[in-house]
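S.K.: TSV, C-alpha atoms, saved as coords.tsv, coming up:
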chain	number	residue	atom	x	y	z
A	22	ARG	CA	-58.66	-6.48	0.19
A	23	GLU	CA	-60.59	-6.81	3.40
A	24	LEU	CA	-63.80	-7.57	1.49
A	25	PHE	CA	-62.16	-10.30	-0.56
A	26	SER	CA	-60.52	-11.78	2.51
A	27	HIS	CA	-63.93	-11.94	4.22
A	28	LEU	CA	-65.55	-13.58	1.20
A	29	LEU	CA	-62.80	-16.16	0.89
A	30	ASP	CA	-62.26	-16.96	4.54
A	31	SER	CA	-65.91	-17.31	5.57
A	32	GLU	CA	-67.82	-20.55	5.05
A	33	ASP	CA	-69.93	-20.37	1.93
A	34	ASP	CA	-73.66	-21.15	1.77
A	35	PHE	CA	-75.49	-23.83	-0.21
A	36	PHE	CA	-75.67	-21.61	-3.28
A	37	CYS	CA	-71.95	-20.66	-3.17
A	38	SER	CA	-73.01	-17.03	-2.96
A	39	ARG	CA	-69.70	-15.75	-1.53
A	40	ILE	CA	-67.45	-17.16	-4.24
A	41	ARG	CA	-69.88	-16.04	-6.92
A	42	LEU	CA	-69.87	-12.52	-5.48
A	43	ALA	CA	-66.09	-12.58	-5.22
A	44	GLY	CA	-65.86	-13.64	-8.83
A	45	ARG	CA	-68.15	-10.88	-10.02
A	46	CYS	CA	-66.09	-8.36	-8.05
A	47	LEU	CA	-62.93	-9.74	-9.61
A	48	THR	CA	-64.30	-9.14	-13.11
A	49	GLU	CA	-64.68	-5.48	-12.16
A	50	ALA	CA	-61.19	-5.28	-10.63
A	51	PRO	CA	-58.90	-7.53	-12.71
A	52	HIS	CA	-55.81	-5.61	-11.47
A	53	LEU	CA	-55.98	-7.33	-8.06
A	54	GLN	CA	-52.80	-8.86	-6.72
A	55	VAL	CA	-52.11	-12.48	-7.60
A	56	GLU	CA	-52.50	-13.68	-4.02
A	57	LEU	CA	-56.13	-12.55	-4.09
A	58	ARG	CA	-56.99	-13.35	-7.70
A	59	ASP	CA	-55.71	-16.92	-7.86
A	60	PRO	CA	-57.76	-18.32	-4.95
A	61	ILE	CA	-60.95	-16.83	-6.42
A	62	VAL	CA	-60.23	-18.30	-9.85
A	63	GLU	CA	-59.40	-21.68	-8.36
A	64	ARG	CA	-62.64	-21.83	-6.38
A	65	LEU	CA	-64.67	-20.80	-9.42
A	66	ARG	CA	-63.02	-23.56	-11.43
A	67	THR	CA	-63.81	-26.07	-8.72
A	68	LEU	CA	-67.41	-24.88	-8.61
A	69	LEU	CA	-67.73	-25.25	-12.40
A	70	LEU	CA	-66.30	-28.77	-12.43
A	71	THR	CA	-67.92	-30.24	-9.33
A	72	THR	CA	-71.34	-28.69	-8.74
A	73	PRO	CA	-74.27	-30.83	-9.90
A	74	TYR	CA	-76.50	-27.77	-10.38
A	75	ALA	CA	-76.85	-26.34	-13.88
A	76	PHE	CA	-77.48	-22.75	-12.79
A	77	LEU	CA	-74.24	-22.75	-10.77
A	78	GLN	CA	-72.31	-24.29	-13.67
A	79	GLU	CA	-73.67	-21.63	-16.01
A	80	GLU	CA	-72.79	-18.74	-13.68
A	81	ALA	CA	-69.32	-20.09	-12.89
A	82	ALA	CA	-68.57	-20.43	-16.63
A	83	THR	CA	-69.86	-16.91	-17.27
A	84	ILE	CA	-67.76	-15.34	-14.48
A	85	LEU	CA	-64.61	-17.21	-15.54
A	86	ALA	CA	-65.12	-16.16	-19.17
A	87	ARG	CA	-65.09	-12.53	-18.04
A	88	ILE	CA	-61.83	-12.84	-16.10
A	89	PRO	CA	-58.74	-12.07	-18.22
A	90	GLY	CA	-56.55	-15.08	-18.97
A	91	GLN	CA	-59.22	-17.73	-18.36
A	92	ILE	CA	-60.55	-18.38	-21.88
A	93	GLU	CA	-57.72	-20.79	-22.74
A	94	TRP	CA	-58.39	-22.84	-19.60
A	95	LEU	CA	-62.12	-22.90	-20.34
A	96	ALA	CA	-61.49	-24.01	-23.93
A	97	ASP	CA	-59.28	-26.84	-22.65
A	98	GLN	CA	-62.12	-28.10	-20.43
A	99	LEU	CA	-64.17	-28.83	-23.55
A	100	ARG	CA	-61.82	-31.76	-24.18
A	101	ARG	CA	-62.11	-33.32	-20.70
A	102	PRO	CA	-63.69	-36.77	-21.03
A	103	ASP	CA	-65.13	-36.67	-17.51
A	104	LEU	CA	-66.96	-33.38	-17.91
A	105	PRO	CA	-70.70	-33.63	-18.68
A	106	ALA	CA	-71.83	-32.34	-22.08
A	107	GLY	CA	-74.16	-29.86	-20.37
A	108	THR	CA	-71.27	-28.24	-18.50
A	109	ARG	CA	-69.29	-28.01	-21.71
A	110	GLY	CA	-72.29	-26.41	-23.36
A	111	PHE	CA	-72.34	-23.68	-20.72
A	112	ILE	CA	-68.63	-23.08	-21.36
A	113	VAL	CA	-69.23	-22.69	-25.11
A	114	GLU	CA	-72.08	-20.24	-24.55
A	115	ALA	CA	-70.08	-18.25	-21.99
A	116	LEU	CA	-67.02	-17.96	-24.23
A	117	ALA	CA	-69.06	-16.83	-27.21
A	118	ARG	CA	-71.22	-14.42	-25.22
A	119	GLU	CA	-68.53	-12.84	-23.04
A	120	GLN	CA	-65.49	-12.90	-25.35
A	121	GLY	CA	-67.11	-12.73	-28.80
A	122	THR	CA	-64.74	-13.01	-31.74
A	123	ARG	CA	-61.76	-13.14	-29.37
A	124	ALA	CA	-62.81	-16.69	-28.53
A	125	ALA	CA	-63.63	-17.67	-32.12
A	126	GLY	CA	-60.23	-19.21	-32.83
A	127	LEU	CA	-60.29	-21.39	-29.71
A	128	LEU	CA	-63.86	-22.49	-30.42
A	129	ALA	CA	-62.95	-23.33	-34.03
A	130	LEU	CA	-60.14	-25.57	-32.79
A	131	ALA	CA	-62.52	-27.34	-30.40
A	132	LEU	CA	-64.98	-27.79	-33.28
A	133	ARG	CA	-62.40	-29.91	-35.09
A	134	ASP	CA	-61.40	-31.94	-32.03
A	135	PRO	CA	-62.98	-35.43	-31.94
A	136	ARG	CA	-62.48	-35.49	-28.16
A	137	VAL	CA	-65.27	-32.94	-27.88
A	138	PRO	CA	-68.72	-34.62	-27.92
A	139	GLU	CA	-70.72	-34.23	-31.13
A	140	LEU	CA	-73.54	-32.38	-29.40
A	141	VAL	CA	-71.08	-29.81	-28.03
A	142	ARG	CA	-69.42	-29.43	-31.43
A	143	GLU	CA	-72.83	-28.72	-32.95
A	144	GLN	CA	-73.30	-26.06	-30.28
A	145	ILE	CA	-69.89	-24.57	-31.13
A	146	ALA	CA	-70.84	-24.35	-34.81
A	147	GLU	CA	-74.06	-22.53	-33.91
A	148	GLN	CA	-72.19	-20.06	-31.69
A	149	LEU	CA	-69.58	-19.40	-34.38
A	150	GLY	CA	-72.41	-18.58	-36.76
A	151	ARG	CA	-73.87	-16.12	-34.26
A	152	LEU	CA	-70.47	-14.47	-33.82
A	153	GLY	CA	-70.46	-13.80	-37.56
A	154	ASP	CA	-66.71	-13.57	-38.05
A	155	PRO	CA	-66.27	-13.64	-41.89
A	156	PRO	CA	-62.51	-14.39	-41.91
A	157	LEU	CA	-63.23	-17.62	-40.03
A	158	ALA	CA	-65.69	-18.91	-42.64
A	159	ARG	CA	-63.04	-19.93	-45.16
A	160	ASP	CA	-61.18	-21.92	-42.49
A	161	LEU	CA	-64.29	-24.00	-41.83
A	162	LEU	CA	-64.94	-25.02	-45.45
A	163	ASP	CA	-62.86	-28.21	-45.36
A	164	LEU	CA	-65.07	-29.59	-42.57
A	165	VAL	CA	-68.10	-29.61	-44.88
A	166	GLY	CA	-66.69	-32.30	-47.15
A	167	ASP	CA	-64.97	-34.30	-44.41
A	168	GLU	CA	-66.81	-37.62	-44.11
A	169	SER	CA	-65.12	-38.39	-40.80
A	170	VAL	CA	-67.14	-35.57	-39.22
A	171	ALA	CA	-70.76	-36.28	-38.25
A	172	VAL	CA	-73.40	-35.10	-40.73
A	173	GLU	CA	-75.21	-32.85	-38.27
A	174	ILE	CA	-71.98	-31.08	-37.31
A	175	ARG	CA	-71.19	-30.43	-40.97
A	176	ARG	CA	-74.71	-29.18	-41.59
A	177	LYS	CA	-74.38	-26.77	-38.67
A	178	VAL	CA	-71.02	-25.63	-40.05
A	179	VAL	CA	-72.65	-24.76	-43.39
A	180	MET	CA	-75.33	-22.81	-41.53
A	181	ALA	CA	-72.62	-20.98	-39.59
A	182	ILE	CA	-70.79	-20.09	-42.81
A	183	THR	CA	-74.07	-18.73	-44.20
A	184	ARG	CA	-74.55	-16.49	-41.17
A	185	MET	CA	-71.00	-15.19	-41.45
A	186	GLY	CA	-71.99	-13.70	-44.80
A	187	ASP	CA	-68.74	-13.95	-46.77
A	188	ARG	CA	-69.93	-13.69	-50.40
A	189	SER	CA	-66.49	-14.49	-51.77
A	190	LEU	CA	-67.07	-18.12	-50.77
A	191	GLY	CA	-69.66	-18.73	-53.51
A	192	PRO	CA	-67.34	-20.67	-55.87
A	193	ALA	CA	-66.08	-22.84	-53.00
A	194	LEU	CA	-69.67	-23.66	-51.99
A	195	VAL	CA	-70.47	-24.66	-55.59
A	196	GLU	CA	-67.43	-26.95	-55.60
A	197	LEU	CA	-68.62	-28.59	-52.38
A	198	LEU	CA	-72.13	-29.00	-53.78
A	199	GLY	CA	-70.68	-31.10	-56.61
A	200	LEU	CA	-69.04	-33.67	-54.32
A	201	PRO	CA	-70.68	-37.00	-55.27
A	202	TRP	CA	-70.59	-38.47	-51.73
A	203	LEU	CA	-72.20	-35.50	-50.02
A	204	ASN	CA	-75.11	-36.23	-47.70
A	205	PRO	CA	-78.50	-34.83	-48.90
A	206	ALA	CA	-78.95	-32.82	-45.68
A	207	ILE	CA	-75.63	-31.06	-46.26
A	208	ARG	CA	-76.50	-30.41	-49.90
A	209	GLU	CA	-79.73	-28.83	-48.76
A	210	ALA	CA	-77.80	-26.56	-46.38
A	211	LEU	CA	-75.35	-25.67	-49.16
A	212	LEU	CA	-78.23	-24.69	-51.45
A	213	GLU	CA	-79.57	-22.38	-48.76
A	214	ALA	CA	-76.07	-20.95	-48.33
A	215	LEU	CA	-75.84	-20.30	-52.07
A	216	ARG	CA	-79.27	-18.69	-52.04
A	217	ALA	CA	-78.03	-16.30	-49.34
A	218	LEU	CA	-74.47	-15.69	-50.53
A	219	GLY	CA	-74.54	-16.29	-54.29
A	220	ASP	CA	-74.87	-13.92	-57.22
A	221	ALA	CA	-74.91	-13.91	-61.03
A	222	ARG	CA	-71.22	-14.79	-61.22
A	223	LEU	CA	-72.01	-18.32	-60.02
A	224	ILE	CA	-74.43	-19.21	-62.83
A	225	ASP	CA	-71.64	-20.27	-65.21
A	226	GLU	CA	-70.19	-22.45	-62.45
A	227	LEU	CA	-73.55	-24.08	-61.67
A	228	ILE	CA	-74.40	-24.95	-65.29
A	229	PRO	CA	-71.97	-27.93	-65.37
A	230	LEU	CA	-73.75	-29.32	-62.28
A	231	ILE	CA	-77.13	-28.89	-63.98
A	232	ARG	CA	-75.81	-30.77	-67.02
A	233	ASP	CA	-74.14	-33.53	-64.99
A	234	PRO	CA	-76.18	-36.74	-65.51
A	235	ASN	CA	-74.55	-38.29	-62.42
A	236	MET	CA	-76.12	-35.69	-60.15
A	237	PRO	CA	-79.65	-36.46	-58.83
A	238	VAL	CA	-82.33	-34.80	-60.96
A	239	GLU	CA	-84.08	-33.37	-57.91
A	240	LEU	CA	-80.85	-31.72	-56.75
A	241	ARG	CA	-80.32	-30.20	-60.19
A	242	ARG	CA	-83.90	-28.93	-60.12
A	243	ARG	CA	-83.24	-27.30	-56.75
A	244	ILE	CA	-80.12	-25.65	-58.14
A	245	ILE	CA	-82.20	-24.19	-60.96
A	246	GLY	CA	-84.63	-22.82	-58.39
A	247	VAL	CA	-81.80	-20.82	-56.82
A	248	LEU	CA	-80.90	-19.09	-60.09
A	249	SER	CA	-83.97	-16.90	-60.61
A	250	ALA	CA	-82.81	-14.15	-58.24
A	251	TRP	CA	-79.41	-13.91	-59.93
A	252	ILE	CA	-80.02	-13.97	-63.68
A	253	GLU	CA	-78.74	-10.95	-65.60
A	254	PRO	CA	-79.63	-10.03	-69.21
A	255	GLY	CA	-76.26	-11.19	-70.51
A	256	GLN	CA	-76.92	-14.74	-69.30
A	257	ILE	CA	-80.29	-15.24	-70.98
A	258	GLU	CA	-78.85	-16.74	-74.18
A	259	THR	CA	-76.78	-19.24	-72.19
A	260	LEU	CA	-79.87	-20.45	-70.35
A	261	GLN	CA	-81.93	-20.53	-73.55
A	262	ALA	CA	-79.33	-22.80	-75.12
A	263	LEU	CA	-79.54	-25.06	-72.07
A	264	ILE	CA	-83.32	-25.23	-72.40
A	265	GLU	CA	-83.00	-26.21	-76.06
A	266	ASP	CA	-80.49	-28.98	-75.26
A	267	ARG	CA	-82.33	-32.22	-76.05
A	268	ASP	CA	-79.86	-34.27	-74.00
A	269	LEU	CA	-80.96	-32.54	-70.80
A	270	ASP	CA	-83.76	-34.05	-68.73
A	271	ILE	CA	-87.04	-32.51	-69.85
A	272	SER	CA	-88.10	-31.65	-66.29
A	273	LEU	CA	-84.92	-29.59	-65.91
A	274	ARG	CA	-85.51	-27.81	-69.22
A	275	ALA	CA	-89.03	-26.94	-68.09
A	276	ALA	CA	-87.73	-25.72	-64.72
A	277	LEU	CA	-85.16	-23.51	-66.47
A	278	LEU	CA	-87.85	-22.04	-68.70
A	279	ASN	CA	-89.97	-21.24	-65.67
A	280	THR	CA	-86.97	-19.69	-63.92
A	281	LEU	CA	-86.39	-17.35	-66.88
A	282	ALA	CA	-90.02	-16.28	-66.75
A	283	GLU	CA	-89.92	-15.73	-62.99
A	284	ALA	CA	-86.89	-13.49	-63.48
A	285	GLY	CA	-89.22	-11.19	-65.47
A	286	PHE	CA	-87.27	-10.77	-68.70
A	287	HIS	CA	-89.77	-9.67	-71.38
A	288	SER	CA	-87.10	-10.03	-74.04
A	289	ILE	CA	-87.73	-13.79	-74.08
A	290	VAL	CA	-91.38	-13.42	-75.17
A	291	PRO	CA	-90.67	-13.84	-78.94
A	292	TRP	CA	-88.54	-16.89	-78.14
A	293	LEU	CA	-91.35	-18.36	-76.02
A	294	MET	CA	-93.82	-17.75	-78.80
A	295	GLY	CA	-91.49	-19.63	-81.13
A	296	PHE	CA	-92.02	-22.76	-79.04
A	297	LEU	CA	-95.74	-22.55	-79.76
A	298	ARG	CA	-95.54	-22.18	-83.55
A	299	GLU	CA	-95.82	-25.60	-85.19
A	300	SER	CA	-94.27	-26.05	-88.63
A	301	ARG	CA	-96.17	-27.81	-91.42
A	302	TRP	CA	-93.40	-30.42	-91.62
A	303	ARG	CA	-93.86	-31.32	-87.96
A	304	ARG	CA	-97.60	-31.78	-88.43
A	305	VAL	CA	-96.92	-34.10	-91.40
A	306	LEU	CA	-94.50	-36.18	-89.33
A	307	ASP	CA	-97.06	-36.47	-86.55
A	308	SER	CA	-99.67	-37.71	-89.01
A	309	VAL	CA	-97.27	-40.24	-90.58
A	310	TRP	CA	-96.25	-41.66	-87.19
A	311	ALA	CA	-99.87	-41.92	-86.10
A	312	TRP	CA	-100.61	-43.91	-89.30
A	313	VAL	CA	-97.55	-46.16	-88.86
A	314	GLN	CA	-98.71	-47.14	-85.40
A	315	THR	CA	-101.87	-48.63	-86.89
A	316	LEU	CA	-99.78	-51.21	-88.79
A	317	PRO	CA	-98.77	-54.65	-87.47
A	318	PRO	CA	-96.07	-54.45	-84.75
A	319	PHE	CA	-93.30	-56.03	-86.85
A	320	LEU	CA	-93.86	-53.41	-89.58
A	321	VAL	CA	-93.85	-50.60	-86.99
A	322	ARG	CA	-90.47	-51.81	-85.65
A	323	TRP	CA	-89.02	-52.16	-89.16
A	324	ILE	CA	-90.17	-48.69	-90.24
A	325	ASP	CA	-88.95	-47.20	-86.98
A	326	ARG	CA	-85.48	-48.68	-87.48
A	327	LEU	CA	-85.34	-47.11	-90.94
A	328	THR	CA	-86.79	-43.70	-90.06
A	329	GLY	CA	-86.36	-43.15	-86.31
A	330	LEU	CA	-89.93	-41.90	-86.08
A	331	SER	CA	-90.34	-43.07	-82.46
A	332	THR	CA	-87.39	-40.92	-81.40
A	333	ARG	CA	-89.02	-37.96	-83.05
A	334	ALA	CA	-92.25	-38.79	-81.25
A	335	GLN	CA	-90.38	-38.74	-77.94
A	336	GLU	CA	-88.94	-35.35	-78.89
A	337	ASP	CA	-92.48	-34.20	-79.62
A	338	PHE	CA	-93.51	-35.25	-76.10
A	339	SER	CA	-90.65	-33.18	-74.66
A	340	ARG	CA	-91.66	-30.30	-76.88
A	341	LEU	CA	-95.24	-30.57	-75.61
A	342	ILE	CA	-94.01	-30.17	-72.02
A	343	LEU	CA	-91.97	-27.13	-72.99
A	344	GLN	CA	-94.95	-25.67	-74.85
A	345	ARG	CA	-97.10	-26.08	-71.76
A	346	GLN	CA	-94.44	-24.30	-69.73
A	347	ALA	CA	-94.12	-21.60	-72.39
A	348	ILE	CA	-97.84	-20.80	-72.19
A	349	ALA	CA	-97.63	-20.56	-68.41
A	350	ALA	CA	-94.54	-18.35	-68.75
A	351	LEU	CA	-96.31	-15.99	-71.15
A	352	GLY	CA	-99.06	-15.58	-68.60
A	353	LEU	CA	-96.50	-15.00	-65.87
A	354	LEU	CA	-94.79	-12.28	-67.93
A	355	ARG	CA	-98.14	-10.58	-68.72
A	356	ASP	CA	-96.96	-9.49	-72.15
A	357	ARG	CA	-99.79	-8.48	-74.52
A	358	ARG	CA	-97.75	-9.41	-77.59
A	359	ALA	CA	-98.62	-13.05	-76.90
A	360	VAL	CA	-102.42	-12.56	-76.97
A	361	PRO	CA	-103.04	-13.12	-80.73
A	362	LEU	CA	-100.99	-16.32	-80.75
A	363	LEU	CA	-102.69	-17.62	-77.61
A	364	LEU	CA	-106.10	-17.00	-79.16
A	365	ARG	CA	-105.13	-18.92	-82.32
A	366	ILE	CA	-104.01	-21.85	-80.17
A	367	LEU	CA	-107.28	-21.78	-78.25
A	368	LYS	CA	-109.35	-21.80	-81.45
A	369	ASN	CA	-107.37	-24.50	-83.26
A	370	PRO	CA	-108.89	-27.96	-82.67
A	371	GLN	CA	-105.73	-29.63	-84.01
A	372	VAL	CA	-103.66	-28.27	-81.12
A	373	HIS	CA	-103.15	-30.69	-78.24
A	374	PRO	CA	-105.96	-30.27	-75.66
A	375	SER	CA	-103.50	-29.90	-72.77
A	376	LEU	CA	-102.11	-26.77	-74.43
A	377	ARG	CA	-105.48	-25.25	-75.19
A	378	ALA	CA	-106.58	-25.85	-71.59
A	379	LEU	CA	-103.78	-23.58	-70.31
A	380	VAL	CA	-104.55	-20.65	-72.59
A	381	PRO	CA	-107.55	-19.17	-70.68
A	382	ASP	CA	-105.49	-18.92	-67.48
A	383	ALA	CA	-102.62	-17.29	-69.35
A	384	LEU	CA	-104.97	-14.77	-70.97
A	385	ALA	CA	-106.50	-13.99	-67.59
A	386	MET	CA	-103.06	-13.31	-66.12
A	387	ILE	CA	-102.17	-11.05	-69.05
A	388	GLY	CA	-105.40	-9.13	-68.41
A	389	GLU	CA	-106.28	-8.18	-71.98
A	390	ASN	CA	-109.95	-7.20	-71.65
A	391	ARG	CA	-110.49	-6.89	-75.40
A	392	VAL	CA	-110.45	-10.67	-75.81
A	393	VAL	CA	-113.44	-11.21	-73.52
A	394	PRO	CA	-116.13	-10.99	-76.29
A	395	GLU	CA	-114.17	-13.45	-78.39
A	396	LEU	CA	-113.82	-15.84	-75.46
A	397	LEU	CA	-117.57	-15.60	-74.82
A	398	THR	CA	-118.33	-16.70	-78.37
A	399	MET	CA	-116.20	-19.81	-77.86
A	400	LEU	CA	-118.32	-20.86	-74.93
Just give me the structure of the file as structure tokens.
M.R.:
Amino acid sequence: RELFSHLLDSEDDFFCSRIRLAGRCLTEAPHLQVELRDPIVERLRTLLLTTPYAFLQEEAATILARIPGQIEWLADQLRRPDLPAGTRGFIVEALAREQGTRAAGLLALALRDPRVPELVREQIAEQLGRLGDPPLARDLLDLVGDESVAVEIRRKVVMAITRMGDRSLGPALVELLGLPWLNPAIREALLEALRALGDARLIDELIPLIRDPNMPVELRRRIIGVLSAWIEPGQIETLQALIEDRDLDISLRAALLNTLAEAGFHSIVPWLMGFLRESRWRRVLDSVWAWVQTLPPFLVRWIDRLTGLSTRAQEDFSRLILQRQAIAALGLLRDRRAVPLLLRILKNPQVHPSLRALVPDALAMIGENRVVPELLTML
């Protein structure tokens, strides 16, 4: 009591050393009588709110955060319009550091409060992510799709949810990803969240987004890139059917094929080889369309209206892209069953040059040494 009386009654120095020391002592002896505790708390509050020096603001916030019963007052200061953003930032850091998850609820309320400056709300989101309180993650989800909240705050909220690590939120994140008005930066953060928190159960929920023609193609391609770590054997047929869907953008079909190969499923090798086997009927159609294109333009249009040969030619272009991807995938899978077919493609002058050009690299990746003499003869 005598020590505290001396610290409180004596004139303080420029650095407010006495009140800071009294505050630190109070954190070690919170049972002090009210008549001693209240003056110390009041002076620390005054120091926090009035000092122009950042290091004193930071220490005052830290000491107050350690004193029982002060976290509510500190959280209320975040809403004061006259308090500099830097001071509020020190309060956020002090609450998170000293009180941990006990302050999470108060910080989450401040995160939603428009009276708190955007920069401070971003800081709150970051601190909530560091606290890693999984039960809080679900309560923050509605902020992600709220257009009244600044984009950077929402992005930081998604990052916080990712750090909290609640894997049960996967379906909710997929639902948010499908919102048509969502900002690209937030979508990017959601994709990273799905990469960290998702699993094979989400593939069936992501397929409608991949099929959705109203979604940007690049976003759908990024979604496909997330799948490779999740695919399970039972989902291969579903993805194969998606690849064979002619209504889907060809770049997405190629990306899906590559994703299947990256997942390392050797069971798809026969199916990949099927892409590379040309039927006699297809070769005849190619020859007929090539001849038709030599005719006068009005005849070409008339024949095309009757036969739809140009549509088939477009399908052949899509098939060529998939064949190129299939050759690359066979090399990626390093499956020796593909070697004879790849050699036949390489030797066949009627095969499109862009396909034959990929075969040597695929053979090299497979590593079948027995084909080297045959390759040397082709040189």
S.K.: Using only C-alpha atoms and a cutoff of 8 Å, can you tell me which residues are near (-100.7, -9.6, -73.9) in the file's coordinates, and write them out as a ChimeraX atom specification?
M.R.: /A:355-360,384,387-389
S.K.: Given all atoms listed in the file as the basis, pick out the residue of A:Arg322, A:Arg377, A:Arg133, A:Arg151 nearest to Asp163 of chain A.
M.R.: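 Checking each of A:Arg322, A:Arg377, A:Arg133, A:Arg151 against Asp163 of chain A, counting all atoms listed in the file, the winner is A:Arg133.
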S.K.: Determine, counting only C-alpha atoms, which protein, DNA and RNA residues have an atom within 7 Å of an atom of Val113 of chain A; residues of the same chain fewer than 4 positions away are not included. Present the result as a ChimeraX atom specification.
M.R.: /A:109,117,145
S.K.: For atom CA of Ala214 of chain A and atom CA of Gly153 of chain A, determine how far apart the two atoms are, in Å to one decimal place.
M.R.: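 Atom-to-atom, atom CA of Ala214 of chain A and atom CA of Gly153 of chain A are spaced 14.1 Å apart.
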S.K.: Which is closest to Ala262 of chain A among A:Arg58, A:Leu65, A:Leu277, A:Asp103, if we use all atoms listed in the file?
M.R.: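 Ranked by minimum distance to Ala262 of chain A, first place goes to A:Leu277.
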S.K.: When you draw a straight line from atom CA of Gln344 of chain A to atom CA of Asn369 of chain A, how long is it in Å?
M.R.: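 The value is 15.0 Å.
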